[in-house]
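In what follows, a structure is listed as C-alpha coordinates, so that the remarks can point back to it.
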Amino acid sequence: MRDLDSIRRFVYREPRMITGFDVDFLAGGSPLRGRCRDVSDTGIRAEFDDPLILGDTGLLTLRPPTGVLELRAQIAYIEKRQVGLVFLFETPWERRMTIEFIAAIANDAGTAPIVRL
(Lines give C-alpha, C1' and ligand atoms only; values in the text may rest on other atoms or scores of the structure.)
Protein backbone atom coordinates (compact mmCIF):
# COMPACT_ATOMS: atom_id res chain seq x y z
CA MET A 1 0.00 0.00 0.00
CA ARG A 2 1.33 3.43 -0.90
CA ASP A 3 1.41 6.17 1.72
CA LEU A 4 -1.13 8.19 -0.25
CA ASP A 5 -3.60 5.30 -0.18
CA SER A 6 -3.94 5.64 3.59
CA ILE A 7 -4.86 9.34 3.49
CA ARG A 8 -8.56 10.05 3.92
CA ARG A 9 -10.25 12.22 1.33
CA PHE A 10 -11.33 15.61 2.68
CA VAL A 11 -15.07 15.89 3.13
CA TYR A 12 -16.68 18.99 4.63
CA ARG A 13 -18.51 18.20 7.85
CA GLU A 14 -21.09 20.33 9.57
CA PRO A 15 -20.06 21.84 12.92
CA ARG A 16 -20.57 19.29 15.68
CA MET A 17 -21.46 19.70 19.33
CA ILE A 18 -19.82 17.37 21.84
CA THR A 19 -22.47 15.51 23.87
CA GLY A 20 -22.92 12.45 26.04
CA PHE A 21 -26.54 11.32 26.00
CA ASP A 22 -28.26 7.98 25.31
CA VAL A 23 -29.54 6.97 21.89
CA ASP A 24 -31.42 3.96 20.53
CA PHE A 25 -31.22 2.63 16.97
CA LEU A 26 -33.87 0.24 15.70
CA ALA A 27 -33.17 -1.36 12.32
CA GLY A 28 -35.11 -4.58 12.53
CA GLY A 29 -35.01 -6.54 15.77
CA SER A 30 -34.74 -4.97 19.18
CA PRO A 31 -33.37 -1.46 19.68
CA LEU A 32 -29.63 -1.13 20.23
CA ARG A 33 -28.59 1.28 22.99
CA GLY A 34 -25.69 3.63 22.38
CA ARG A 35 -24.10 6.83 23.62
CA CYS A 36 -24.10 9.95 21.43
CA ARG A 37 -20.63 11.53 21.45
CA ASP A 38 -21.35 14.45 19.11
CA VAL A 39 -24.26 15.80 17.11
CA SER A 40 -24.82 18.22 14.23
CA ASP A 41 -27.76 19.31 12.12
CA THR A 42 -27.07 16.39 9.76
CA GLY A 43 -26.27 13.45 12.04
CA ILE A 44 -24.51 12.01 15.06
CA ARG A 45 -21.44 10.03 16.08
CA ALA A 46 -22.25 7.42 18.70
CA GLU A 47 -20.68 4.44 20.46
CA PHE A 48 -22.46 1.09 20.39
CA ASP A 49 -21.38 -2.17 22.00
CA ASP A 50 -23.54 -4.25 19.67
CA PRO A 51 -22.53 -4.80 16.04
CA LEU A 52 -24.24 -2.67 13.41
CA ILE A 53 -24.26 -2.99 9.62
CA LEU A 54 -22.98 -0.25 7.34
CA GLY A 55 -25.81 1.21 5.24
CA ASP A 56 -28.63 0.01 7.50
CA THR A 57 -31.50 2.45 7.96
CA GLY A 58 -33.79 2.60 10.93
CA LEU A 59 -35.41 4.65 13.66
CA LEU A 60 -32.94 6.70 15.71
CA THR A 61 -34.09 7.99 19.10
CA LEU A 62 -32.08 10.80 20.70
CA ARG A 63 -32.48 11.12 24.49
CA PRO A 64 -30.70 14.26 25.72
CA PRO A 65 -31.88 15.87 29.00
CA THR A 66 -33.93 18.40 26.98
CA GLY A 67 -36.37 15.82 25.55
CA VAL A 68 -36.68 13.00 23.04
CA LEU A 69 -36.47 13.08 19.25
CA GLU A 70 -37.21 10.16 16.91
CA LEU A 71 -36.25 10.26 13.25
CA ARG A 72 -35.01 8.00 10.47
CA ALA A 73 -31.26 7.62 10.07
CA GLN A 74 -28.71 5.62 8.10
CA ILE A 75 -25.36 4.21 9.20
CA ALA A 76 -22.75 6.14 7.21
CA TYR A 77 -19.57 4.69 8.74
CA ILE A 78 -18.35 2.28 11.39
CA GLU A 79 -14.90 2.54 13.00
CA LYS A 80 -14.56 0.06 15.87
CA ARG A 81 -17.31 1.09 18.33
CA GLN A 82 -17.77 4.54 16.72
CA VAL A 83 -20.76 4.75 14.40
CA GLY A 84 -21.73 7.70 12.20
CA LEU A 85 -25.44 8.05 11.53
CA VAL A 86 -26.87 10.58 9.08
CA PHE A 87 -30.40 11.87 9.53
CA LEU A 88 -32.85 11.00 6.73
CA PHE A 89 -35.27 13.91 6.66
CA GLU A 90 -38.57 13.13 4.98
CA THR A 91 -39.89 16.71 4.93
CA PRO A 92 -38.53 20.26 5.26
CA TRP A 93 -40.59 20.57 8.46
CA GLU A 94 -38.83 17.53 9.97
CA ARG A 95 -35.45 19.09 9.14
CA ARG A 96 -36.45 22.42 10.77
CA MET A 97 -37.73 20.66 13.92
CA THR A 98 -34.49 18.66 14.18
CA ILE A 99 -32.39 21.82 13.85
CA GLU A 100 -34.46 23.45 16.61
CA PHE A 101 -34.08 20.35 18.79
CA ILE A 102 -30.29 20.38 18.32
CA ALA A 103 -30.24 24.11 19.16
CA ALA A 104 -32.14 23.36 22.39
CA ILE A 105 -29.44 20.82 23.32
CA ALA A 106 -26.79 23.49 22.72
CA ASN A 107 -28.67 25.98 24.90
CA ASP A 108 -29.06 23.48 27.75
CA ALA A 109 -26.90 24.41 30.74
CA GLY A 110 -23.65 22.49 30.93
CA THR A 111 -23.59 21.49 27.27
CA ALA A 112 -20.47 22.22 25.25
CA PRO A 113 -20.85 24.73 22.40
CA ILE A 114 -20.81 23.65 18.77
CA VAL A 115 -17.25 22.88 17.72
CA ARG A 116 -15.59 21.82 14.49
CA LEU A 117 -13.90 18.43 14.76
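Each chain in the C-alpha coordinates gets a letter, A, B and so on, in the order shown; residues start at 1 in every chain, and ligands are counted from 1 in the order they appear.
Per DSSP on the backbone, helix (DSSP H, G or I) in region 11-103 of chain A comprises Pro92, Trp93, Glu94, Arg95, Arg96, Met97, Thr98, Ile99, Glu100, Phe101, Ile102 and Ala103 of chain A.
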Keeping only N, CA, C and O atoms, write the selected residues as a short mmCIF file (atom, residue, chain, number, x, y, z; two decimals), in the first residue's frame.
data_model
loop_
_atom_site.label_atom_id
_atom_site.label_comp_id
_atom_site.auth_asym_id
_atom_site.auth_seq_id
_atom_site.Cartn_x
_atom_site.Cartn_y
_atom_site.Cartn_z
N PRO A 92 -39.23 19.07 4.78
CA PRO A 92 -38.53 20.26 5.26
C PRO A 92 -38.90 20.59 6.72
O PRO A 92 -38.07 21.04 7.50
N TRP A 93 -40.16 20.34 7.08
CA TRP A 93 -40.59 20.57 8.46
C TRP A 93 -39.79 19.71 9.43
O TRP A 93 -39.36 20.20 10.49
N GLU A 94 -39.59 18.43 9.10
CA GLU A 94 -38.83 17.53 9.97
C GLU A 94 -37.39 18.04 10.14
O GLU A 94 -36.85 18.01 11.24
N ARG A 95 -36.81 18.53 9.06
CA ARG A 95 -35.45 19.09 9.14
C ARG A 95 -35.41 20.31 10.07
O ARG A 95 -34.54 20.42 10.92
N ARG A 96 -36.38 21.22 9.92
CA ARG A 96 -36.45 22.42 10.77
C ARG A 96 -36.61 22.04 12.25
O ARG A 96 -35.96 22.62 13.13
N MET A 97 -37.49 21.08 12.54
CA MET A 97 -37.73 20.66 13.92
C MET A 97 -36.47 20.02 14.52
O MET A 97 -36.16 20.23 15.68
N THR A 98 -35.74 19.27 13.71
CA THR A 98 -34.49 18.66 14.18
C THR A 98 -33.46 19.73 14.49
O THR A 98 -32.78 19.68 15.52
N ILE A 99 -33.34 20.72 13.62
CA ILE A 99 -32.39 21.82 13.85
C ILE A 99 -32.75 22.56 15.14
O ILE A 99 -31.87 22.88 15.95
N GLU A 100 -34.04 22.79 15.38
CA GLU A 100 -34.46 23.45 16.61
C GLU A 100 -34.17 22.59 17.83
O GLU A 100 -33.78 23.09 18.89
N PHE A 101 -34.36 21.28 17.70
CA PHE A 101 -34.08 20.35 18.79
C PHE A 101 -32.59 20.37 19.13
O PHE A 101 -32.22 20.43 20.30
N ILE A 102 -31.74 20.34 18.11
CA ILE A 102 -30.29 20.38 18.32
C ILE A 102 -29.90 21.71 18.97
O ILE A 102 -29.06 21.75 19.87
N ALA A 103 -30.52 22.80 18.56
CA ALA A 103 -30.24 24.11 19.16
C ALA A 103 -30.63 24.11 20.64
O ALA A 103 -29.93 24.70 21.47
#
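Between CA of Leu71 (chain A) and CA of Asn107 (chain A) the interatomic distance comes to 21.0 Å.
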Q.
Set the distance at 6 Å and use only C-alpha atoms: which residues neighbour Gly34 (chain A) once local chain neighbours fewer than 3 positions away are removed? I'd like the list as a VMD selection string.
A. chain A and resid 22 to 23 47 to 48
Export all heavy atoms of the chosen residues as a PDB file, in the first residue's frame?
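Output below, filename part13.pdb:
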ATOM      1  N   ASP A  22     -27.873   9.295  25.832  1.00  0.00           N
ATOM      2  CA  ASP A  22     -28.262   7.983  25.310  1.00  0.00           C
ATOM      3  C   ASP A  22     -29.000   8.112  23.988  1.00  0.00           C
ATOM      4  O   ASP A  22     -29.714   9.091  23.747  1.00  0.00           O
ATOM      5  CB  ASP A  22     -29.171   7.255  26.301  1.00  0.00           C
ATOM      6  CG  ASP A  22     -28.435   6.810  27.551  1.00  0.00           C
ATOM      7  OD1 ASP A  22     -27.199   6.639  27.491  1.00  0.00           O
ATOM      8  OD2 ASP A  22     -29.098   6.642  28.590  1.00  0.00           O
ATOM      9  N   VAL A  23     -28.810   7.097  23.144  1.00  0.00           N
ATOM     10  CA  VAL A  23     -29.542   6.970  21.887  1.00  0.00           C
ATOM     11  C   VAL A  23     -29.961   5.517  21.713  1.00  0.00           C
ATOM     12  O   VAL A  23     -29.352   4.611  22.292  1.00  0.00           O
ATOM     13  CB  VAL A  23     -28.705   7.412  20.662  1.00  0.00           C
ATOM     14  CG1 VAL A  23     -28.341   8.876  20.745  1.00  0.00           C
ATOM     15  CG2 VAL A  23     -27.476   6.559  20.485  1.00  0.00           C
ATOM     16  N   GLU A  47     -21.371   5.692  20.128  1.00  0.00           N
ATOM     17  CA  GLU A  47     -20.683   4.441  20.459  1.00  0.00           C
ATOM     18  C   GLU A  47     -21.730   3.390  20.770  1.00  0.00           C
ATOM     19  O   GLU A  47     -22.660   3.641  21.536  1.00  0.00           O
ATOM     20  CB  GLU A  47     -19.779   4.639  21.668  1.00  0.00           C
ATOM     21  CG  GLU A  47     -18.616   5.547  21.418  1.00  0.00           C
ATOM     22  CD  GLU A  47     -17.766   5.760  22.656  1.00  0.00           C
ATOM     23  OE1 GLU A  47     -18.168   5.320  23.767  1.00  0.00           O
ATOM     24  OE2 GLU A  47     -16.702   6.367  22.522  1.00  0.00           O
ATOM     25  N   PHE A  48     -21.578   2.225  20.155  1.00  0.00           N
ATOM     26  CA  PHE A  48     -22.463   1.089  20.391  1.00  0.00           C
ATOM     27  C   PHE A  48     -21.621  -0.121  20.733  1.00  0.00           C
ATOM     28  O   PHE A  48     -20.562  -0.337  20.123  1.00  0.00           O
ATOM     29  CB  PHE A  48     -23.288   0.767  19.131  1.00  0.00           C
ATOM     30  CG  PHE A  48     -24.345   1.781  18.806  1.00  0.00           C
ATOM     31  CD1 PHE A  48     -24.056   2.875  18.004  1.00  0.00           C
ATOM     32  CD2 PHE A  48     -25.636   1.627  19.281  1.00  0.00           C
ATOM     33  CE1 PHE A  48     -25.020   3.802  17.681  1.00  0.00           C
ATOM     34  CE2 PHE A  48     -26.620   2.558  18.961  1.00  0.00           C
ATOM     35  CZ  PHE A  48     -26.318   3.645  18.159  1.00  0.00           C
TER      36      PHE A  48
END
(Q) When DSSP is applied to the backbone of this structure, which of region 23-110 of chain A are assigned strand (DSSP E)? Write them out as a ChimeraX atom specification. (A) /A:23-26,32-39,43-48,57-63,69-79,82-87
**Q.** Among the residues A:Ile105, A:Ile18, A:Val83, A:Ile78, the one that comes closest to Leu62 (chain A) [using only C-alpha atoms]
**A.** A:Ile105
Q. Using only C-alpha atoms, which of A:Thr19, A:Leu26, A:Thr91, A:Ala46 sits nearest Leu60 (chain A)?
A. A:Leu26
